[in-house]
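Trainee: This is the content of work_36.txt (compact mmCIF, C-alpha atoms):
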# COMPACT_ATOMS: atom_id res chain seq x y z
CA MET A 1 119.20 20.49 17.18
CA LYS A 2 120.02 20.21 13.51
CA ARG A 3 117.31 20.58 10.90
CA ARG A 4 116.95 17.70 8.48
CA GLN A 5 118.25 18.50 5.05
CA PRO A 6 115.53 18.43 2.39
CA ILE A 7 115.78 15.48 0.01
CA ASP A 8 115.38 16.19 -3.67
CA GLN A 9 113.15 14.00 -5.82
CA GLU A 10 116.04 12.31 -7.64
CA THR A 11 117.65 11.24 -4.36
CA TYR A 12 114.31 10.11 -2.90
CA TYR A 13 113.64 7.76 -5.81
CA SER A 14 117.23 6.57 -6.22
CA GLY A 15 117.51 2.80 -6.41
CA ILE A 16 113.89 2.39 -7.47
CA ARG A 17 113.41 0.94 -10.94
CA MET A 18 111.39 3.35 -13.09
CA VAL A 19 109.37 2.42 -16.18
CA PRO A 20 108.08 4.98 -18.70
CA TYR A 21 104.28 5.13 -18.58
CA ASP A 22 101.90 6.95 -20.93
CA LEU A 23 98.78 7.54 -18.85
CA VAL A 24 96.85 9.18 -21.70
CA LYS A 25 97.56 6.25 -24.00
CA GLU A 26 96.47 3.71 -21.40
CA LEU A 27 93.29 5.70 -20.70
CA ALA A 28 92.46 5.86 -24.40
CA ILE A 29 92.95 2.11 -24.78
CA ALA A 30 90.81 1.37 -21.72
CA LEU A 31 87.98 3.62 -22.92
CA GLY A 32 88.14 2.05 -26.38
CA LEU A 33 87.85 -1.46 -24.97
CA VAL A 34 84.97 -0.46 -22.69
CA LEU A 35 83.18 1.16 -25.65
CA VAL A 36 83.53 -2.02 -27.72
CA LEU A 37 82.22 -4.14 -24.83
CA VAL A 38 79.26 -1.80 -24.25
CA LEU A 39 78.30 -1.83 -27.93
CA ALA A 40 78.59 -5.61 -28.10
CA ALA A 41 76.55 -6.07 -24.93
CA SER A 42 73.86 -3.66 -26.12
CA ALA A 43 73.59 -5.53 -29.41
CA LEU A 44 73.39 -8.96 -27.80
CA LEU A 45 71.58 -8.27 -24.53
CA SER A 46 69.40 -5.23 -25.23
CA SER A 47 65.73 -5.30 -24.31
CA PRO A 48 63.21 -5.86 -27.08
CA ASP A 49 61.64 -2.73 -28.51
CA GLN A 50 58.13 -3.27 -27.20
CA THR A 51 55.28 -1.25 -28.66
CA PRO A 52 53.77 1.07 -26.02
CA GLU A 53 50.47 -0.19 -24.64
CA THR A 54 47.75 2.44 -24.51
CA ILE A 55 44.02 2.59 -24.03
CA GLN A 56 43.79 2.72 -27.81
CA SER A 57 45.69 -0.57 -28.23
CA TRP A 58 43.64 -2.08 -25.40
CA SER A 59 40.30 -1.16 -26.96
CA GLN A 60 41.47 -2.38 -30.36
CA ASN A 61 42.98 -5.67 -29.21
CA ASP A 62 40.45 -6.62 -26.54
CA PRO A 63 37.27 -4.55 -26.88
CA VAL A 64 35.24 -6.93 -24.71
CA ASP A 65 37.61 -6.45 -21.77
CA PHE A 66 37.63 -2.70 -22.38
CA VAL A 67 33.84 -2.40 -22.28
CA THR A 68 33.56 -4.82 -19.34
CA THR A 69 36.04 -2.73 -17.36
CA ALA A 70 34.26 0.52 -18.21
CA THR A 71 30.97 -1.03 -17.06
CA GLY A 72 32.65 -2.06 -13.82
CA GLU A 73 33.83 1.52 -13.29
CA LEU A 74 30.23 2.69 -13.54
CA ALA A 75 29.08 -0.05 -11.18
CA GLY A 76 31.82 0.75 -8.67
CA THR A 77 33.13 -2.83 -8.61
CA THR A 78 36.68 -2.30 -9.91
CA ILE A 79 39.90 -2.07 -7.89
CA THR A 80 40.20 1.68 -8.42
CA ALA A 81 36.56 2.35 -7.52
CA GLN A 82 36.99 0.63 -4.15
CA TYR A 83 40.70 1.35 -3.60
CA GLY A 84 40.88 3.89 -0.80
CA ALA A 85 43.64 6.39 -0.06
CA PRO A 86 45.21 8.16 -1.86
CA TYR A 87 42.46 7.99 -4.53
CA ASN A 88 39.10 7.84 -2.76
CA SER A 89 37.32 6.95 0.47
CA GLY A 90 37.17 3.20 -0.23
CA THR A 91 38.81 0.60 1.99
CA ALA A 92 39.45 -2.42 -0.26
CA SER A 93 43.17 -1.74 -0.80
CA VAL A 94 44.03 0.12 2.40
CA GLN A 95 46.86 -1.60 4.28
CA GLY A 96 47.47 -1.38 7.99
CA PHE A 97 47.76 -3.16 11.32
CA GLY A 98 45.12 -1.85 13.68
CA PHE A 99 45.70 1.84 14.27
CA PHE A 100 48.98 1.72 12.32
CA SER A 101 47.96 2.65 8.79
CA PRO A 102 50.22 5.26 7.16
CA GLN A 103 48.18 4.96 3.97
CA SER A 104 45.07 6.20 5.77
CA TRP A 105 47.00 8.87 7.65
CA ALA A 106 48.12 10.40 4.35
CA GLY A 107 44.49 10.72 3.23
CA VAL A 108 43.12 11.29 -0.26
CA ARG A 109 45.81 13.21 -2.14
CA GLU A 110 44.97 12.23 -5.74
CA PRO A 111 41.14 12.21 -5.95
CA VAL A 112 39.80 9.71 -8.48
CA ASP A 113 36.10 9.10 -9.14
CA ALA A 114 36.20 5.98 -11.32
CA ALA A 115 32.74 6.37 -12.86
CA GLN A 116 33.13 10.07 -13.57
CA ASP A 117 36.80 10.18 -14.60
CA PHE A 118 36.90 7.07 -16.79
CA VAL A 119 33.42 7.03 -18.33
CA LEU A 120 30.97 9.86 -17.72
CA LYS A 121 33.27 12.86 -18.14
CA PRO A 122 34.89 11.62 -21.38
CA LEU A 123 31.45 10.79 -22.78
CA SER A 124 30.11 14.20 -21.75
CA ALA A 125 32.98 15.84 -23.63
CA ALA A 126 32.14 13.82 -26.74
CA ALA A 127 28.38 14.32 -26.44
CA GLY A 128 28.56 17.85 -27.81
CA ALA A 129 28.87 16.45 -31.33
CA ASP A 130 26.58 13.44 -30.82
CA PRO A 131 22.90 14.08 -29.95
CA ASN A 132 22.19 10.37 -29.41
CA LEU A 133 24.99 10.09 -26.89
CA LYS A 134 23.81 13.24 -25.15
CA THR A 135 20.34 11.74 -24.77
CA ALA A 136 21.76 8.44 -23.50
CA LEU A 137 23.85 10.23 -20.88
CA SER A 138 20.86 12.23 -19.75
CA ASP A 139 18.76 9.07 -19.41
CA TYR A 140 21.45 7.35 -17.38
CA THR A 141 22.28 10.19 -15.00
CA SER A 142 18.61 10.99 -14.37
CA ALA A 143 17.72 7.38 -13.51
CA ASP A 144 17.55 6.37 -9.85
CA PRO A 145 20.43 4.27 -8.43
CA ASN A 146 18.39 1.07 -8.34
CA GLN A 147 17.56 1.39 -12.04
CA GLN A 148 21.20 2.09 -12.88
CA LYS A 149 22.24 -0.98 -10.90
CA ALA A 150 19.75 -3.18 -12.75
CA TRP A 151 20.99 -1.95 -16.15
CA LEU A 152 24.62 -2.48 -15.16
CA GLU A 153 24.07 -5.99 -13.81
CA ALA A 154 22.16 -7.09 -16.92
CA PHE A 155 24.73 -5.51 -19.25
CA THR A 156 27.67 -7.06 -17.37
CA LYS A 157 26.06 -10.50 -17.58
CA ALA A 158 25.46 -10.14 -21.33
CA LEU A 159 29.07 -9.06 -21.92
CA LYS A 160 30.27 -12.55 -20.95
CA ASP A 161 28.90 -13.85 -24.28
CA ALA A 162 29.70 -10.76 -26.37
CA LYS A 163 31.43 -11.21 -29.73
CA VAL A 164 33.69 -8.86 -31.65
CA ALA A 165 32.46 -7.95 -35.14
CA SER A 166 34.78 -7.43 -38.09
CA ASP A 167 34.57 -3.66 -37.66
CA GLY A 168 35.66 -3.86 -34.01
CA THR A 169 32.22 -3.28 -32.51
CA LEU A 170 30.56 -5.66 -30.07
CA THR A 171 27.56 -7.86 -30.78
CA MET A 172 25.64 -9.18 -27.81
CA ALA A 173 22.24 -10.48 -26.86
CA SER A 174 19.46 -7.93 -26.36
CA GLY A 175 18.20 -7.12 -22.91
CA GLU A 176 17.07 -4.43 -20.51
CA PHE A 177 20.24 -2.38 -20.71
CA GLY A 178 18.75 1.10 -20.87
CA PRO A 179 21.16 3.66 -22.42
CA LEU A 180 24.28 1.57 -21.70
CA PRO A 181 24.72 0.11 -25.23
CA GLN A 182 24.83 3.61 -26.74
CA MET A 183 27.17 4.89 -24.03
CA MET A 184 29.61 1.98 -24.25
CA ALA A 185 29.60 1.95 -28.05
CA SER A 186 30.55 5.63 -28.01
CA LEU A 187 33.25 5.05 -25.38
CA LEU A 188 34.67 2.19 -27.47
CA VAL A 189 34.83 4.45 -30.53
CA LEU A 190 36.55 7.11 -28.44
CA GLY A 191 39.04 4.58 -27.12
CA ARG A 192 39.83 3.03 -30.51
CA ALA A 193 40.45 6.47 -32.00
CA GLY A 194 42.93 7.38 -29.25
CA GLY A 195 40.79 10.19 -27.91
CA LEU A 196 40.41 8.63 -24.48
CA ASP A 197 44.19 8.46 -24.06
CA GLY A 198 44.49 12.17 -24.71
CA TYR A 199 41.53 13.07 -22.52
CA LEU A 200 42.75 11.17 -19.45
CA VAL A 201 46.21 12.78 -19.46
CA SER A 202 45.02 16.32 -20.17
CA ASN A 203 45.64 18.50 -17.13
CA GLY A 204 45.68 22.03 -18.50
CA HIS A 205 49.48 22.26 -18.35
CA PHE A 206 51.92 22.51 -21.22
CA TYR A 207 53.48 19.11 -20.47
CA GLN A 208 51.13 16.13 -20.18
CA THR A 209 53.13 13.76 -17.98
CA ASP A 210 50.61 12.52 -15.40
CA TYR A 211 49.57 9.01 -16.49
CA THR A 212 47.79 8.13 -13.25
CA LEU A 213 44.30 7.86 -14.75
CA PRO A 214 45.23 5.80 -17.84
CA LEU A 215 47.28 3.40 -15.72
CA LEU A 216 44.53 2.96 -13.14
CA PHE A 217 41.90 2.41 -15.83
CA MET A 218 44.00 -0.15 -17.70
CA GLY A 219 45.00 -1.84 -14.45
CA ASP A 220 41.34 -2.46 -13.62
CA GLY A 221 40.96 -4.62 -16.72
CA GLY A 222 42.45 -7.97 -17.59
CA TYR A 223 44.38 -6.91 -20.70
CA LEU A 224 47.33 -5.10 -19.08
CA PRO A 225 47.83 -7.62 -16.23
CA GLY A 226 47.77 -10.38 -18.84
CA LEU A 227 50.58 -8.72 -20.77
CA GLY A 228 52.51 -8.30 -17.54
CA GLU A 229 52.15 -11.99 -16.74
CA ASN A 230 53.42 -12.96 -20.19
CA GLN A 231 56.51 -10.80 -19.62
CA HIS A 232 57.03 -12.12 -16.06
CA LEU A 233 56.38 -8.71 -14.53
CA LEU A 234 53.86 -9.65 -11.85
CA GLY A 235 54.76 -9.43 -8.19
CA SER A 236 54.50 -13.20 -7.85
CA GLN A 237 57.05 -13.55 -10.68
CA TRP A 238 59.80 -11.39 -9.13
CA GLY A 239 58.44 -8.71 -11.46
CA MET A 240 59.97 -5.77 -9.62
CA MET A 241 63.44 -6.80 -10.79
CA ASN A 242 62.41 -7.94 -14.28
CA GLU A 243 61.85 -6.03 -17.50
CA THR A 244 60.34 -6.81 -20.88
CA GLY A 245 62.49 -9.59 -22.26
CA SER A 246 64.69 -12.03 -20.38
CA TYR A 247 67.47 -9.93 -18.85
CA PRO A 248 69.25 -8.12 -17.39
CA GLY A 249 66.50 -6.31 -15.47
CA GLN A 250 66.87 -4.38 -12.22
CA THR A 251 68.82 -7.06 -10.36
CA TRP A 252 69.56 -4.76 -7.43
CA LEU A 253 65.88 -4.92 -6.46
CA TRP A 254 66.01 -8.63 -5.66
CA LEU A 255 66.11 -7.95 -1.93
CA TYR A 256 62.77 -6.11 -2.08
CA THR A 257 60.86 -8.46 -4.37
CA PHE A 258 62.28 -11.51 -2.54
CA TRP A 259 59.91 -10.99 0.38
CA TYR A 260 56.84 -11.19 -1.85
CA GLN A 261 57.78 -14.77 -2.79
CA ILE A 262 57.74 -16.27 0.73
CA PRO A 263 55.21 -16.61 3.58
CA PRO A 264 53.81 -14.71 5.35
CA PHE A 265 54.16 -12.02 2.67
CA THR A 266 52.83 -14.07 -0.25
CA GLY A 267 49.18 -13.25 -0.89
CA ASN A 268 48.91 -11.13 2.25
CA ALA A 269 46.62 -8.11 1.93
CA ASN A 270 49.18 -6.05 3.86
CA ALA A 271 52.23 -7.35 1.96
CA ASP A 272 53.44 -3.93 0.79
CA LEU A 273 53.38 -2.48 4.29
CA MET A 274 55.03 -5.61 5.71
CA VAL A 275 57.86 -5.36 3.18
CA VAL A 276 58.37 -1.66 3.94
CA ILE A 277 58.55 -2.37 7.68
CA THR A 278 60.91 -5.33 7.16
CA MET A 279 63.29 -3.38 4.94
CA THR A 280 63.22 -0.40 7.34
CA VAL A 281 64.17 -2.62 10.29
CA LEU A 282 66.95 -4.34 8.32
CA SER A 283 68.30 -1.02 7.05
CA LEU A 284 68.37 0.44 10.55
CA ALA A 285 70.10 -2.68 11.85
CA LEU A 286 72.78 -2.30 9.18
CA LEU A 287 73.31 1.37 10.01
CA LEU A 288 73.48 0.68 13.75
CA VAL A 289 75.84 -2.32 13.59
CA PRO A 290 78.66 -0.38 15.35
CA PHE A 291 76.33 0.34 18.28
CA ILE A 292 74.57 -3.01 18.79
CA PRO A 293 76.32 -5.18 21.42
CA GLY A 294 76.95 -8.69 20.18
CA LEU A 295 76.32 -7.85 16.56
CA ARG A 296 79.27 -5.49 16.46
CA ASP A 297 81.52 -8.21 17.97
CA ILE A 298 80.93 -10.79 15.26
CA PRO A 299 84.06 -9.77 13.26
CA ARG A 300 86.15 -10.31 16.39
CA TRP A 301 84.58 -13.70 17.11
CA ILE A 302 84.85 -14.82 13.49
CA PRO A 303 88.10 -13.20 12.31
CA VAL A 304 87.57 -13.42 8.59
CA TYR A 305 89.74 -10.32 8.27
CA ARG A 306 92.77 -12.36 9.31
CA LEU A 307 92.14 -14.71 6.41
CA ILE A 308 91.84 -11.81 3.98
CA TRP A 309 95.02 -10.16 5.29
CA ARG A 310 96.84 -13.43 6.01
CA SER A 311 100.05 -12.25 4.31
CA HIS A 312 100.22 -9.33 6.72
CA TYR A 313 99.52 -11.37 9.82
CA ALA A 314 101.95 -14.10 8.71
CA GLY A 315 104.85 -11.69 9.22
CA GLU A 316 103.64 -10.50 12.59
CA THR A 317 105.98 -11.20 15.52
CA PRO A 318 104.08 -12.82 18.40
CA GLN A 319 104.07 -10.63 21.49
CA PRO A 320 105.40 -12.33 24.65
CA THR A 321 102.96 -12.84 27.46
CA ALA A 322 103.43 -13.23 31.23
CA ALA A 323 103.16 -17.00 30.82
CA ASP A 324 106.27 -16.99 28.66
CA GLY A 325 108.39 -15.75 31.59
CA PRO A 326 111.04 -13.01 31.51
CA SER A 327 112.74 -12.56 28.19
CA GLU A 328 116.35 -11.73 27.43
CA GLY A 329 117.22 -8.08 27.70
CA ARG A 330 114.39 -7.34 30.10
CA PRO A 331 114.50 -6.81 33.85
CA GLY A 332 114.56 -10.14 35.61
CA GLY A 333 116.15 -11.90 32.63
CA PRO A 334 119.34 -13.90 32.86
Could you rewrite the structure in this file as structure tokens?
Mentor:
Amino acid sequence: MKRRQPIDQETYYSGIRMVPYDLVKELAIALGLVLVLVLAASALLSSPDQTPETIQSWSQNDPVDFVTTATGELAGTTITAQYGAPYNSGTASVQGFGFFSPQSWAGVREPVDAAQDFVLKPLSAAAGADPNLKTALSDYTSADPNQQKAWLEAFTKALKDAKVASDGTLTMASGEFGPLPQMMASLLVLGRAGGLDGYLVSNGHFYQTDYTLPLLFMGDGGYLPGLGENQHLLGSQWGMMNETGSYPGQTWLWLYTFWYQIPPFTGNANADLMVVITMTVLSLALLLVPFIPGLRDIPRWIPVYRLIWRSHYAGETPQPTAADGPSEGRPGGP
């Protein structure tokens, strides 16, 4: 048996028309065009440079909401105070279906005491340089729970008619508020100065990157959710895929936020868990397509692939079948 003679490159490509091609030049041109397009798109479509929202900006722009929220933290009536896992032992925001409650199974992993973390501890830290505040804190913490509740209810009611003075302080009707006016006035000063922002992120480490407490505190008020609504960032506004400004946003998240816009997900207390379960089932179905009878046969039943590769199948020679009878050149043929 003879070995095939090796074919040199010139012989192999003989008869094929060759065109000189400068790959480096083409690459440089392509990169240049892409750079121009990116710069133009960033100039025309970039997101607005929004000023960061902090507790300081909150207390300066809406001091009534700030003080009302802080009072709610003391009273234990806010979302965070009643949330549940992973922050505390509450149940208001725990999602589950009967025994199936992964949120509860995980337990409290990030302990948050709303009254202590957002109000009492920051005020205690500031009381060292303020004797009046120290006395007010002592009066509040030493009072029995019923007395504290009475002060908080009266103060919360009076806050509905509170006015903001020219110096940023609050003016409100007098009442049986106990030490709360002194405490809240001091907390407002601390917030407006930016001290509360620094206190809530301090963790004893070199890098201060845990913004859990500031976000929870601001989320309990009406100021931050109001800004989110104005920017179309709420869950009911497809907010997961939006950003500040009109576009482009995180468009790839449409499939997740879509479920929040339709029943039975809309307004459901277990919506987050329902969406997680739905997306898990759909993802598993996609991964297991080759193994699911019926589903895996859809491409064969609906041969879209033949439409896509129609030029290939157009040149295909039909294979003879038994119904066609014996063909020429085969046994049994004429």
Trainee: Between A:Asp113, A:Arg192, A:Ser311, A:Thr80, single out the one closest to Ser93 of chain A, counting only C-alpha atoms.
Mentor: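 Selected residue with least distance to Ser93 of chain A: A:Thr80.
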Trainee: Could you list, as a list of chain:residue names, every residue within 8 Å of Leu123 of chain A, counting all atoms listed in the file and ignoring same-chain residues fewer than 2 positions away?
Mentor: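 Contacts, in chain order: A:Val119, A:Leu120, A:Lys121, A:Ala125, A:Ala126, A:Ala127, A:Leu133, A:Leu137, A:Met183, A:Ser186, A:Leu187.
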Trainee: Counting all atoms listed in the file, figure out which residue out of A:Ile55, A:Val36, A:Ala185, A:Leu152 gets nearest to Asn132 of chain A.
Mentor: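 Looking only at the distances to Asn132 of chain A, the closest residue turns out to be A:Ala185.
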Trainee: Tell me which of A:Asn88, A:Thr11, A:Asn203, A:Ser166 sits closest to Pro111 of chain A, counting only C-alpha atoms.
Mentor: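 Nearest candidate to Pro111 of chain A out of A:Asn88, A:Thr11, A:Asn203, A:Ser166: A:Asn88.
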Trainee: Choose the residue, out of A:Leu44, A:Met279, A:Ala173, A:Leu180, that has the smallest atom-to-atom separation from Ala143 of chain A; count all atoms listed in the file.
Mentor: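 Once distances to Ala143 of chain A are computed over all atoms listed in the file, the minimum belongs to A:Leu180.
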Trainee: Tell me, in Å to one decimal, how far atom CA of Leu45 of chain A is from atom CA of Glu26 of chain A.
Mentor: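 Going from atom CA of Leu45 of chain A over to atom CA of Glu26 of chain A covers 27.8 Å.
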Trainee: Please build the interface table for segment 43-102 of chain A against segment 253-277 of chain A with a cut-off of 10 Å, listing for each qualifying residue the nearest atom pair and the distance in Å to one decimal; count all atoms listed in the file, order rows by chain and increasing number, and write it as a tab-separated table.
Mentor:
residue	atom	partner	partner_atom	distance
A:Ala92	CA	A:Ala269	CA	9.4
A:Ser93	CA	A:Ala269	CA	7.7
A:Val94	CA	A:Asn270	CA	8.2
A:Gln95	CA	A:Asn270	CA	5.0
A:Gly96	CA	A:Asn270	CA	6.5
A:Phe97	CA	A:Asn270	CA	8.1
A:Ser101	CA	A:Leu273	CA	8.7
A:Pro102	CA	A:Leu273	CA	8.8
Trainee: A:Pro48, A:Gly228, A:Gly222, A:Pro145: which is nearest Ile79 of chain A, counting only C-alpha atoms?
Mentor: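 Nearest candidate to Ile79 of chain A out of A:Pro48, A:Gly228, A:Gly222, A:Pro145: A:Gly222.
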Trainee: Could you tell me which of A:Tyr223, A:Phe66, A:Tyr305, A:Phe99 comes closest to Val164 of chain A if we count all atoms listed in the file?
Mentor: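 Nearest to Val164 of chain A: A:Phe66.
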Trainee: For atom CA of Thr244 of chain A and atom CA of Thr51 of chain A, quote the distance in Å rounded to one decimal.
Mentor: 10.8 Å
Trainee: When you draw a straight line from atom CA of Glu73 of chain A to atom CA of Pro225 of chain A, how long is it in Å?
Mentor: 17.0 Å
Trainee: List as JSON, numbers by chain the residues having at least one atom at most 10 Å from position (15.4, -6.3, -20.5) as given in the file, counting all atoms listed in the file.
Mentor: {"A": [150, 151, 154, 155, 174, 175, 176, 177, 178]}
Trainee: What's the 8 Å shell around Leu213 of chain A, counting only C-alpha atoms, without same-chain residues fewer than 5 positions away, as a PyMOL selection string?
Mentor: chain A and resi 112+117-118+200-201
Trainee: Need the axis-aligned box for segment 265-275 of chain A with 3 Å each side, so what are the centre and edges in Å to one decimal, as AutoDock Vina command-line options?
Mentor:
--center_x 52.2 --center_y -8.3 --center_z 2.4 --size_x 17.2 --size_y 17.6 --size_z 12.6
Trainee: Give me, as a list in words, all polymer residues having an atom no more than 8 Å from Leu74 of chain A, counting all atoms listed in the file and skipping those fewer than 2 positions away in the same chain.
Mentor: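 What passes the distance filter is Ala70, Thr71, Gly72, Gly76, Thr77, Ala114, Ala115, Gln116, Val119 and Leu152 of chain A.
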Trainee: Go ahead and save the residues from that selection, with C-alpha atoms, as a PDB file, keeping the file's coordinate frame.
Mentor:
ATOM      1  CA  ALA A  70      34.260   0.520 -18.210  1.00  0.00           C
ATOM      2  CA  THR A  71      30.970  -1.030 -17.060  1.00  0.00           C
ATOM      3  CA  GLY A  72      32.650  -2.060 -13.820  1.00  0.00           C
ATOM      4  CA  GLY A  76      31.820   0.750  -8.670  1.00  0.00           C
ATOM      5  CA  THR A  77      33.130  -2.830  -8.610  1.00  0.00           C
ATOM      6  CA  ALA A 114      36.200   5.980 -11.320  1.00  0.00           C
ATOM      7  CA  ALA A 115      32.740   6.370 -12.860  1.00  0.00           C
ATOM      8  CA  GLN A 116      33.130  10.070 -13.570  1.00  0.00           C
ATOM      9  CA  VAL A 119      33.420   7.030 -18.330  1.00  0.00           C
ATOM     10  CA  LEU A 152      24.620  -2.480 -15.160  1.00  0.00           C
TER      11      LEU A 152
END
Trainee: Which residues, written as a VMD selection string, have at least one atom at most 8 Å from segment 158-160 of chain A, with all atoms listed in the file counted and residues fewer than 6 positions away on the same chain left out?
Mentor: chain A and resid 64 68 172 to 173
Trainee: Could you pull out every residue with an atom within 12 Å of (52.7, -7.8, -12.3), file coordinates, counting all atoms listed in the file, and send them as a ChimeraX atom specification?
Mentor: /A:219,222-244,257,260
